[in-house]
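**Q** The structure file input_31.cif (mmCIF, C-alpha atoms) is provided below.
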```cif
data_model
loop_
_atom_site.group_PDB
_atom_site.id
_atom_site.type_symbol
_atom_site.label_atom_id
_atom_site.label_comp_id
_atom_site.auth_asym_id
_atom_site.auth_seq_id
_atom_site.Cartn_x
_atom_site.Cartn_y
_atom_site.Cartn_z
ATOM 1 C CA SER A 20 16.202 14.093 -74.391
ATOM 2 C CA ALA A 21 13.451 12.672 -72.186
ATOM 3 C CA PRO A 22 11.215 14.968 -70.090
ATOM 4 C CA PRO A 23 12.453 15.568 -66.476
ATOM 5 C CA LEU A 24 9.756 13.328 -64.989
ATOM 6 C CA LEU A 25 10.762 10.365 -67.102
ATOM 7 C CA GLN A 26 14.428 10.994 -66.222
ATOM 8 C CA SER A 27 13.542 10.768 -62.529
ATOM 9 C CA LEU A 28 11.606 7.545 -63.021
ATOM 10 C CA ALA A 29 14.528 6.088 -64.933
ATOM 11 C CA ALA A 30 16.863 6.963 -62.051
ATOM 12 C CA LEU A 31 14.437 5.380 -59.629
ATOM 13 C CA GLU A 32 14.375 2.121 -61.546
ATOM 14 C CA GLN A 33 17.847 1.116 -60.393
ATOM 15 C CA HIS A 34 16.628 1.292 -56.746
ATOM 16 C CA LEU A 35 13.501 -0.841 -57.236
ATOM 17 C CA PRO A 36 15.149 -4.174 -56.192
ATOM 18 C CA ARG A 37 16.218 -2.635 -52.881
ATOM 19 C CA ILE A 38 12.801 -1.048 -52.307
ATOM 20 C CA ALA A 39 11.123 -4.386 -52.930
ATOM 21 C CA ARG A 40 13.094 -5.941 -50.087
ATOM 22 C CA LEU A 41 11.813 -3.337 -47.565
ATOM 23 C CA GLU A 42 9.028 -4.520 -45.253
ATOM 24 C CA SER A 43 5.885 -2.473 -44.857
ATOM 25 C CA PHE A 44 5.741 -0.437 -41.599
ATOM 26 C CA ASP A 45 3.294 -1.725 -38.998
ATOM 27 C CA PRO A 46 2.641 0.527 -35.928
ATOM 28 C CA ARG A 47 2.147 -2.595 -33.829
ATOM 29 C CA ASP A 48 5.802 -3.511 -34.407
ATOM 30 C CA HIS A 49 6.780 -0.143 -32.921
ATOM 31 C CA GLU A 50 4.567 -0.753 -29.852
ATOM 32 C CA ALA A 51 6.037 -4.237 -29.422
ATOM 33 C CA ALA A 52 9.552 -2.762 -29.319
ATOM 34 C CA LYS A 53 8.489 -0.248 -26.680
ATOM 35 C CA ILE A 54 6.831 -2.927 -24.541
ATOM 36 C CA SER A 55 9.972 -5.027 -24.814
ATOM 37 C CA ARG A 56 11.984 -2.080 -23.459
ATOM 38 C CA LEU A 57 9.389 -1.587 -20.732
ATOM 39 C CA ARG A 58 9.746 -5.228 -19.633
ATOM 40 C CA GLN A 59 13.527 -4.762 -19.405
ATOM 41 C CA GLN A 60 13.045 -1.664 -17.236
ATOM 42 C CA LEU A 61 10.695 -3.545 -14.893
ATOM 43 C CA ARG A 62 13.145 -6.445 -14.566
ATOM 44 C CA ALA A 63 16.035 -4.053 -13.886
ATOM 45 C CA LYS A 64 14.078 -2.199 -11.186
ATOM 46 C CA TYR A 65 12.198 -5.055 -9.471
ATOM 47 C CA GLY A 66 13.927 -8.265 -10.530
ATOM 48 C CA ARG A 67 11.975 -11.408 -11.467
ATOM 49 C CA VAL A 68 8.625 -10.488 -9.943
ATOM 50 C CA ALA A 69 6.236 -13.017 -11.454
ATOM 51 C CA ALA A 70 6.337 -16.328 -13.298
ATOM 52 C CA ALA A 71 4.867 -17.204 -16.659
ATOM 53 C CA PRO A 72 2.778 -20.387 -16.820
ATOM 54 C CA GLY A 73 5.060 -23.419 -16.616
ATOM 55 C CA THR A 74 8.272 -21.434 -15.952
ATOM 56 C CA VAL A 75 10.202 -20.168 -12.940
ATOM 57 C CA GLY A 76 10.106 -16.579 -14.190
ATOM 58 C CA PHE A 77 9.657 -14.445 -17.275
ATOM 59 C CA ALA A 78 12.803 -14.578 -19.393
ATOM 60 C CA GLY A 79 14.307 -17.083 -16.943
ATOM 61 C CA GLY A 80 15.544 -16.601 -13.419
ATOM 62 C CA GLN A 81 14.160 -17.381 -9.990
ATOM 63 C CA VAL A 82 11.033 -15.473 -8.948
ATOM 64 C CA ALA A 83 11.633 -13.105 -6.014
ATOM 65 C CA SER A 84 10.183 -14.058 -2.629
ATOM 66 C CA VAL A 85 7.656 -11.807 -0.878
ATOM 67 C CA PRO A 86 10.216 -10.450 1.645
ATOM 68 C CA ASP A 87 12.571 -9.631 -1.252
ATOM 69 C CA LEU A 88 9.797 -7.739 -3.030
ATOM 70 C CA LEU A 89 8.924 -5.714 0.075
ATOM 71 C CA ASN A 90 12.595 -4.912 0.697
ATOM 72 C CA ILE A 91 12.731 -3.075 -2.640
ATOM 73 C CA PHE A 92 10.755 -0.214 -1.089
ATOM 74 C CA ASP A 93 11.906 2.272 1.546
ATOM 75 C CA PRO A 94 9.234 3.973 3.690
ATOM 76 C CA ASP A 95 11.133 7.277 3.321
ATOM 77 C CA ASP A 96 11.081 7.055 -0.493
ATOM 78 C CA ARG A 97 9.153 9.981 -1.950
ATOM 79 C CA ASP A 98 6.891 7.771 -4.083
ATOM 80 C CA VAL A 99 6.090 5.504 -1.122
ATOM 81 C CA ARG A 100 5.132 8.503 1.008
ATOM 82 C CA LYS A 101 3.148 10.015 -1.859
ATOM 83 C CA TRP A 102 1.000 6.875 -2.130
ATOM 84 C CA HIS A 103 0.761 6.418 1.663
ATOM 85 C CA GLY A 104 2.652 3.129 1.672
ATOM 86 C CA ARG A 105 0.590 1.366 -1.034
ATOM 87 C CA ILE A 106 3.374 -0.214 -3.090
ATOM 88 C CA ASP A 107 0.934 -1.486 -5.737
ATOM 89 C CA GLN A 108 0.020 2.150 -6.469
ATOM 90 C CA VAL A 109 3.702 3.114 -6.389
ATOM 91 C CA VAL A 110 4.481 0.529 -9.086
ATOM 92 C CA ALA A 111 1.449 1.520 -11.175
ATOM 93 C CA GLY A 112 2.341 5.220 -10.892
ATOM 94 C CA ARG A 113 5.936 4.613 -11.946
ATOM 95 C CA LEU A 114 4.725 2.448 -14.840
ATOM 96 C CA GLN A 115 2.451 5.248 -16.043
ATOM 97 C CA GLU A 116 5.396 7.664 -15.946
ATOM 98 C CA HIS A 117 7.560 5.219 -17.964
ATOM 99 C CA CYS A 118 4.766 4.935 -20.525
ATOM 100 C CA ARG A 119 4.440 8.712 -20.749
ATOM 101 C CA GLN A 120 8.178 9.097 -21.350
ATOM 102 C CA MET A 121 8.123 6.365 -24.020
ATOM 103 C CA ARG A 122 4.921 7.710 -25.622
ATOM 104 C CA LEU A 123 3.277 4.363 -25.068
ATOM 105 C CA GLU A 124 -0.393 4.030 -24.178
ATOM 106 C CA TYR A 125 -0.740 2.740 -20.608
ATOM 107 C CA ASP A 126 -3.771 0.623 -21.556
ATOM 108 C CA VAL A 127 -1.691 -1.038 -24.270
ATOM 109 C CA ALA A 128 1.221 -1.697 -21.893
ATOM 110 C CA ILE A 129 -0.856 -3.395 -19.184
ATOM 111 C CA ARG A 130 -2.268 -5.872 -21.704
ATOM 112 C CA ASP A 131 1.183 -7.412 -21.998
ATOM 113 C CA PRO A 132 1.204 -10.676 -19.945
ATOM 114 C CA GLU A 133 4.451 -9.898 -18.110
ATOM 115 C CA VAL A 134 3.494 -6.317 -17.247
ATOM 116 C CA GLU A 135 0.076 -7.508 -16.115
ATOM 117 C CA ALA A 136 1.679 -10.218 -13.953
ATOM 118 C CA VAL A 137 4.037 -7.686 -12.312
ATOM 119 C CA LEU A 138 1.134 -5.413 -11.362
ATOM 120 C CA ALA A 139 -0.866 -8.367 -10.046
ATOM 121 C CA ARG A 140 2.043 -9.654 -7.929
ATOM 122 C CA PHE A 141 2.614 -6.295 -6.231
ATOM 123 C CA SER A 142 -1.120 -5.953 -5.669
ATOM 124 C CA SER A 143 -1.082 -9.308 -3.855
ATOM 125 C CA VAL A 144 1.739 -8.286 -1.470
ATOM 126 C CA ALA A 145 0.766 -4.641 -0.911
ATOM 127 C CA ASP A 146 -1.262 -5.380 2.231
ATOM 128 C CA ALA A 147 1.746 -7.085 3.855
ATOM 129 C CA PHE A 148 3.915 -4.011 3.217
ATOM 130 C CA SER A 149 1.211 -1.725 4.621
ATOM 131 C CA ALA A 150 1.019 -3.867 7.766
ATOM 132 C CA ALA A 151 4.816 -3.796 8.197
ATOM 133 C CA LEU A 152 4.823 -0.036 7.655
ATOM 134 C CA GLU A 153 2.066 0.542 10.203
ATOM 135 C CA LEU A 154 3.582 -1.639 12.932
ATOM 136 C CA PHE A 155 7.329 -1.285 12.346
ATOM 137 C CA ALA A 156 7.915 2.106 10.723
ATOM 138 C CA ASP A 157 4.928 4.434 11.157
ATOM 139 C CA GLU A 158 5.848 7.840 12.622
ATOM 140 C CA ALA A 159 3.221 7.349 15.349
ATOM 141 C CA GLY A 160 3.456 3.546 15.518
ATOM 142 C CA PRO A 161 4.152 1.530 18.671
ATOM 143 C CA LEU A 162 7.910 1.376 17.994
ATOM 144 C CA SER A 163 8.434 4.856 16.528
ATOM 145 C CA GLU A 164 10.888 7.313 18.081
ATOM 146 C CA ARG A 165 7.899 9.372 19.195
ATOM 147 C CA GLU A 166 6.355 6.511 21.192
ATOM 148 C CA ILE A 167 9.716 5.358 22.556
ATOM 149 C CA LEU A 168 10.403 8.879 23.845
ATOM 150 C CA ARG A 169 6.881 9.169 25.270
ATOM 151 C CA GLY A 170 7.258 5.851 27.091
ATOM 152 C CA ALA A 171 10.695 6.770 28.445
ATOM 153 C CA VAL A 172 9.323 10.040 29.849
ATOM 154 C CA GLU A 173 5.919 8.840 31.085
ATOM 155 C CA HIS A 174 6.613 5.324 32.326
ATOM 156 C CA TRP A 175 10.301 4.377 32.399
ATOM 157 C CA GLY A 176 11.888 7.345 34.192
ATOM 158 C CA LEU A 177 14.417 7.931 31.357
ATOM 159 C CA ASP A 178 16.212 4.810 32.621
ATOM 160 C CA PRO A 179 17.922 3.124 29.623
ATOM 161 C CA ASP A 180 17.861 -0.392 31.105
ATOM 162 C CA ILE A 181 14.176 -0.249 32.060
ATOM 163 C CA THR A 182 13.399 1.240 28.635
ATOM 164 C CA ALA A 183 15.283 -1.529 26.803
ATOM 165 C CA LYS A 184 13.460 -4.238 28.775
ATOM 166 C CA ALA A 185 10.041 -2.651 28.193
ATOM 167 C CA LEU A 186 10.733 -2.241 24.479
ATOM 168 C CA ALA A 187 11.768 -5.899 24.140
ATOM 169 C CA SER A 188 8.318 -6.870 25.420
ATOM 170 C CA LYS A 189 6.663 -4.374 23.073
ATOM 171 C CA VAL A 190 8.612 -5.792 20.109
ATOM 172 C CA GLN A 191 7.226 -9.269 20.822
ATOM 173 C CA SER A 192 3.605 -8.069 20.876
ATOM 174 C CA THR A 193 4.133 -5.994 17.723
ATOM 175 C CA GLU A 194 5.687 -8.964 15.901
ATOM 176 C CA ALA A 195 2.728 -11.148 16.880
ATOM 177 C CA ALA A 196 0.314 -8.539 15.497
ATOM 178 C CA PHE A 197 2.232 -8.413 12.200
ATOM 179 C CA LEU A 198 2.348 -12.197 11.799
ATOM 180 C CA GLU A 199 -1.409 -12.345 12.303
ATOM 181 C CA LYS A 200 -2.068 -9.568 9.778
ATOM 182 C CA SER A 201 0.360 -10.698 7.087
ATOM 183 C CA GLY A 202 0.359 -14.474 7.307
ATOM 184 C CA PHE A 203 4.179 -14.421 7.259
ATOM 185 C CA THR A 204 6.315 -16.955 9.082
ATOM 186 C CA ALA A 205 8.684 -15.655 11.755
ATOM 187 C CA ALA A 206 11.643 -16.395 9.451
ATOM 188 C CA GLU A 207 10.095 -14.361 6.609
ATOM 189 C CA MET A 208 9.358 -11.467 8.948
ATOM 190 C CA LYS A 209 12.963 -11.331 10.177
ATOM 191 C CA ARG A 210 14.177 -10.970 6.583
ATOM 192 C CA LEU A 211 12.299 -7.668 6.208
ATOM 193 C CA ASN A 212 14.383 -4.500 6.233
ATOM 194 C CA LEU A 213 11.578 -2.762 8.138
ATOM 195 C CA HIS A 214 11.866 -5.359 10.906
ATOM 196 C CA GLU A 215 15.653 -5.054 11.056
ATOM 197 C CA LYS A 216 15.349 -1.284 11.448
ATOM 198 C CA ILE A 217 13.417 -1.799 14.700
ATOM 199 C CA ARG A 218 16.551 -3.179 16.356
ATOM 200 C CA TRP A 219 18.666 -0.287 15.075
ATOM 201 C CA ARG A 220 16.081 2.280 16.217
ATOM 202 C CA ILE A 221 15.795 0.818 19.718
ATOM 203 C CA GLU A 222 19.581 0.616 20.128
ATOM 204 C CA GLU A 223 19.955 4.259 19.044
ATOM 205 C CA CYS A 224 17.186 5.463 21.383
ATOM 206 C CA VAL A 225 18.563 3.577 24.380
ATOM 207 C CA MET A 226 22.032 4.962 23.596
ATOM 208 C CA ARG A 227 20.629 8.522 23.642
ATOM 209 C CA LEU A 228 19.075 7.894 27.046
ATOM 210 C CA ARG A 229 22.416 6.622 28.354
ATOM 211 C CA GLY A 230 24.025 9.809 27.073
ATOM 212 C CA LYS A 231 21.563 12.262 28.643
ATOM 213 C CA VAL A 232 23.224 15.274 30.252
ATOM 214 C CA ALA A 233 22.098 17.357 33.231
ATOM 215 C CA THR A 234 22.274 21.080 32.491
ATOM 216 C CA GLU A 235 20.261 24.272 32.777
ATOM 217 C CA MET A 236 17.929 25.655 30.126
ATOM 218 C CA LEU A 237 15.749 28.687 29.622
ATOM 219 C CA ILE A 238 12.141 27.453 29.526
ATOM 220 C CA ILE A 239 9.394 29.534 27.964
ATOM 221 C CA GLU A 240 5.770 28.652 28.568
ATOM 222 C CA ASP A 241 3.345 30.639 26.442
ATOM 223 C CA ASP A 242 0.004 30.262 24.717
ATOM 224 C CA GLY A 243 1.264 31.108 21.236
ATOM 225 C CA ALA A 244 1.997 28.534 18.550
ATOM 226 C CA GLU A 245 5.458 28.332 17.045
ATOM 227 C CA GLY A 246 6.134 31.485 15.052
ATOM 228 C CA GLU A 247 3.062 33.276 16.465
ATOM 229 C CA GLU A 248 2.787 36.023 19.071
ATOM 230 C CA ALA A 249 1.812 34.828 22.541
ATOM 231 C CA ILE A 250 -0.718 36.674 24.704
ATOM 232 C CA SER A 251 1.035 35.653 27.917
ATOM 233 C CA THR A 252 4.524 34.258 28.497
ATOM 234 C CA THR A 253 6.364 32.818 31.478
ATOM 235 C CA GLU A 254 10.148 32.445 31.422
ATOM 236 C CA ARG A 255 12.360 30.589 33.882
ATOM 237 C CA THR A 256 15.724 28.862 33.946
ATOM 238 C CA SER A 257 15.576 25.314 35.319
ATOM 239 C CA PRO A 258 17.687 22.159 35.500
ATOM 240 C CA VAL A 259 16.882 19.731 32.652
ATOM 241 C CA TRP A 260 17.981 16.452 31.162
ATOM 242 C CA ARG A 261 19.185 17.044 27.600
ATOM 243 C CA LEU A 262 18.243 14.023 25.479
ATOM 244 C CA GLY A 263 19.667 14.916 22.066
ATOM 245 C CA GLU A 264 17.803 14.736 18.748
ATOM 246 C CA TRP A 265 14.509 12.842 18.404
ATOM 247 C CA ARG A 266 11.802 12.588 15.772
ATOM 248 C CA TRP A 267 8.846 13.664 17.891
ATOM 249 C CA GLN A 268 6.816 15.953 15.664
ATOM 250 C CA LEU A 269 4.445 14.234 13.238
ATOM 251 C CA ALA A 270 4.834 15.225 9.594
ATOM 252 C CA LYS A 271 1.853 16.578 7.714
ATOM 253 C CA LYS A 272 0.457 14.299 5.007
ATOM 254 C CA ASP A 273 -0.211 17.041 2.447
ATOM 255 C CA GLY A 274 2.988 16.488 0.446
ATOM 256 C CA LYS A 275 3.650 20.263 0.414
ATOM 257 C CA THR A 276 6.379 20.411 3.061
ATOM 258 C CA ARG A 277 9.790 18.752 3.137
ATOM 259 C CA ALA A 278 8.811 16.839 6.288
ATOM 260 C CA SER A 279 5.724 15.419 4.593
ATOM 261 C CA ARG A 280 7.898 14.171 1.721
ATOM 262 C CA VAL A 281 10.903 12.816 3.626
ATOM 263 C CA GLY A 282 9.596 12.276 7.164
ATOM 264 C CA PRO A 283 9.838 14.122 10.488
ATOM 265 C CA ILE A 284 12.859 16.358 11.005
ATOM 266 C CA PRO A 285 14.851 15.526 14.181
ATOM 267 C CA ARG A 286 14.933 18.244 16.834
ATOM 268 C CA GLU A 287 16.627 18.674 20.201
ATOM 269 C CA TYR A 288 14.597 17.653 23.272
ATOM 270 C CA ALA A 289 14.999 17.864 27.025
ATOM 271 C CA VAL A 290 13.039 16.951 30.150
ATOM 272 C CA CYS A 291 12.474 19.086 33.221
ATOM 273 C CA VAL A 292 11.008 17.868 36.514
ATOM 274 C CA ASP A 293 8.315 19.903 38.286
ATOM 275 C CA PRO A 294 9.740 21.534 41.431
ATOM 276 C CA ASN A 295 7.286 19.632 43.634
ATOM 277 C CA GLY A 296 7.993 16.342 41.835
ATOM 278 C CA SER A 297 4.386 15.985 40.662
ATOM 279 C CA GLY A 298 5.268 15.418 37.022
ATOM 280 C CA VAL A 299 7.631 16.200 34.161
ATOM 281 C CA HIS A 300 7.646 18.296 30.996
ATOM 282 C CA LEU A 301 9.057 17.242 27.648
ATOM 283 C CA LEU A 302 10.661 20.311 26.062
ATOM 284 C CA GLU A 303 11.460 21.024 22.434
ATOM 285 C CA GLU A 304 14.431 23.307 21.934
ATOM 286 C CA ARG A 305 13.920 25.955 19.305
ATOM 287 C CA ALA A 306 14.752 29.557 18.470
ATOM 288 C CA LYS A 307 12.299 32.383 19.034
ATOM 289 C CA THR A 308 12.311 36.120 18.380
ATOM 290 C CA LYS A 309 11.240 38.206 21.362
ATOM 291 C CA LYS A 310 9.243 41.454 21.164
ATOM 292 C CA ASP A 311 12.434 43.489 21.446
ATOM 293 C CA GLY A 312 13.879 41.687 18.418
ATOM 294 C CA ALA A 313 16.306 39.544 20.396
ATOM 295 C CA ARG A 314 16.774 36.010 19.073
ATOM 296 C CA ILE A 315 16.920 33.380 21.821
ATOM 297 C CA THR A 316 17.038 29.586 22.067
ATOM 298 C CA ALA A 317 14.846 28.015 24.713
ATOM 299 C CA GLY A 318 12.870 24.929 25.645
ATOM 300 C CA PHE A 319 9.140 24.933 24.896
ATOM 301 C CA PRO A 320 6.873 22.346 26.592
ATOM 302 C CA VAL A 321 5.282 19.899 24.135
ATOM 303 C CA LEU A 322 4.113 17.251 26.615
ATOM 304 C CA HIS A 323 3.227 17.292 30.313
ATOM 305 C CA CYS A 324 3.190 13.964 32.131
ATOM 306 C CA ASP A 325 1.334 14.172 35.443
ATOM 307 C CA GLY A 326 2.617 11.684 37.972
ATOM 308 C CA ALA A 327 5.636 10.630 35.914
ATOM 309 C CA LYS A 328 8.703 9.907 38.022
ATOM 310 C CA VAL A 329 12.093 11.057 36.732
ATOM 311 C CA ALA A 330 15.181 11.663 38.848
ATOM 312 C CA ALA A 331 15.806 15.401 39.190
ATOM 313 C CA PRO A 332 18.807 16.541 37.120
ATOM 314 C CA GLN A 333 21.756 17.926 39.064
ATOM 315 C CA PRO A 334 23.812 20.118 36.707
ATOM 316 C CA THR A 335 27.519 20.176 37.434
ATOM 317 C CA SER A 336 28.529 23.604 38.675
ATOM 318 C CA LYS A 337 31.196 25.381 36.630
#
```
Once more with this new file: its structure as structure tokens, please.

**A**
Amino acid sequence: SAPPLLQSLAALEQHLPRIARLESFDPRDHEAAKISRLRQQLRAKYGRVAAAPGTVGFAGGQVASVPDLLNIFDPDDRDVRKWHGRIDQVVAGRLQEHCRQMRLEYDVAIRDPEVEAVLARFSSVADAFSAALELFADEAGPLSEREILRGAVEHWGLDPDITAKALASKVQSTEAAFLEKSGFTAAEMKRLNLHEKIRWRIEECVMRLRGKVATEMLIIEDDGAEGEEAISTTERTSPVWRLGEWRWQLAKKDGKTRASRVGPIPREYAVCVDPNGSGVHLLEERAKTKKDGARITAGFPVLHCDGAKVAAPQPTSK
């Protein structure tokens, strides 16, 4: 009988026709398949973002308008907050993560014409999103809950009708500033989700002012920060206007706290009028542990408005 090696070669001979039909492996074919999958992921997430030369869009379909592209992103999205509202960096960061998961070199991926065009398109519209974020949705912007509450306390006497009228004027000036910054038309601006949210926010804030309730509250004035021991403390019970929940506190930008990742946490607020009518205090309601270990809920002043005029609350006697 033949040696074992020759027996193996003889057995292999019957498979040679099938082996001959196999194509040689090329790593570039593997990369091409991954990039094809990456293109599909980009289209699924962002739609038809950019057009190839001489076409209406890569792989067919109408290219998305600028307002449609901006509406993909929510200012409260973790990635948007992480990159401080720069949607071009959001897209690039997500693309890098996709590449890492697919074990595809990022530098190889961005050489693909469609991927390159997607990055370029979002880079071209990123400034418009940043402008909309700053003017329409920033936590300290002109139409934020913080500034609406400040205006209602300082200038508009907590009157819902006066507040609504003043905010309508402020909306017009803010819209004009956005149109100048972005180059949008008024019709394009009104298609933005961020612009639509202004109307919702104003309606909600005015509704809270209409629902304010006169009651009494324990007020603590001290020189200690929240959670810290105060050197001196003054306590009194006074009539207040309860205003409900507002987003007044600004979130830190460090990304370490929940508020910095998802936005300011709403808290209960109230307003008390100085006994002599010389001004008003905005109070934040929160719990505090006293020296004797007792846990109490009280109002702590966060803003004093000298000269502000607010009708004194008259709590209904029980």

**Q** As a check of understanding, name the residues that the PyMOL selection byres ((chain A and resi 306) around 6) selects in the supplied structure, as a PyMOL selection string.

**A** chain A and resi 305+307+315-316

**Q** Since I can't run it myself right now, could you work out what the PyMOL selection byres ((chain A and resi 149-157) around 10) selects here and report it as a count of residues only?

**A** 40

**Q** For the structure provided, state which residues fall under the PyMOL selection byres ((chain A and resi 182) around 10), and present them as a list in words.

**A**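 Matching residues under the PyMOL selection byres ((chain A and resi 182) around 10) are Ile167, Leu168, Gly170, Ala171, Val172, His174, Trp175, Gly176, Leu177, Asp178, Pro179, Asp180, Ile181, Ala183, Lys184, Ala185, Leu186, Ala187, Ile221, Cys224, Val225 and Leu228 of chain A.
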
**Q** Do you have the CA of Leu237 in chain A-CA of Arg266 in chain A distance handy?

**A** 21.6 Å

**Q** So how many Å separate CA of Trp267 in chain A and CA of Cys291 in chain A, to one decimal?

**A**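 So the two atoms, CA of Trp267 in chain A and CA of Cys291 in chain A, lie 16.7 Å apart.
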
**Q** How many Å lie between CA of Val232 in chain A and CA of Asp293 in chain A, rounded to one decimal?

**A** 17.6 Å

**Q** What lies within 8 Å of Tyr125 in chain A using all atoms listed in the file, ignoring chain neighbours under 4 positions off, as JSON, numbers by chain?

**A** {"A": [114, 115, 118, 119, 129]}

**Q** Need the shell around Val321 in chain A: protein/DNA/RNA residues with any atom at most 12 Å away, counting all atoms listed in the file. Skip same-chain ones fewer than 2 positions apart. Format as a list in words?

**A**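 Selected residues are Arg165, Arg169, Ile238, Ile239, Glu240, Asp241, Asp242, Ala244, Glu245, Trp267, Gln268, Tyr288, Ala289, Val290, Cys291, Val299, His300, Leu301, Leu302, Glu303, Glu304, Arg305, Gly318, Phe319, His323 and Cys324 of chain A.
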
**Q** Closest to Asp98 in chain A among A:Val85, A:Thr204, A:Trp260, A:Gly112, using only C-alpha atoms?

**A** A:Gly112

**Q** Applying 6 Å and all atoms listed in the file, which residues near Glu235 in chain A remain after dropping the ones on its own chain fewer than 3 positions away? List them as a list in words.

**A** Ser257, Pro258 and Val259 of chain A

**Q** Please provide the set of residues having any atom within 6 Å of Ala83 in chain A, restricted to only C-alpha atoms, with same-chain residues fewer than 2 positions apart removed, written as number ranges by chain.

**A** A: 67-68, 87

**Q** List the spatial neighbours of Asp107 in chain A as a list in words - criterion: any atom at most 8 Å away, all atoms listed in the file, same-chain residues fewer than 3 positions off excluded.

**A**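 Residues near the query, excluding close chain neighbours: Val110, Ala111, Leu138, Phe141, Ser142 and Ala145 of chain A.
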
**Q** Draw an axis-aligned box over all listed atoms of range 183-193 of chain A, pad each side with 5 Å, and write its centre and edge lengths in Å, one decimal, as JSON.

**A**
```
{"center_x": 9.4, "center_y": -5.4, "center_z": 23.2, "size_x": 21.7, "size_y": 17.7, "size_z": 21.1}
```

**Q** For Arg261 in chain A, which of A:Glu166, A:Ser192, A:Pro294, A:Gln333 is the closest residue, counting all atoms listed in the file?

**A**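 Comparing A:Glu166, A:Ser192, A:Pro294, A:Gln333 against Arg261 in chain A, the winner is A:Gln333.
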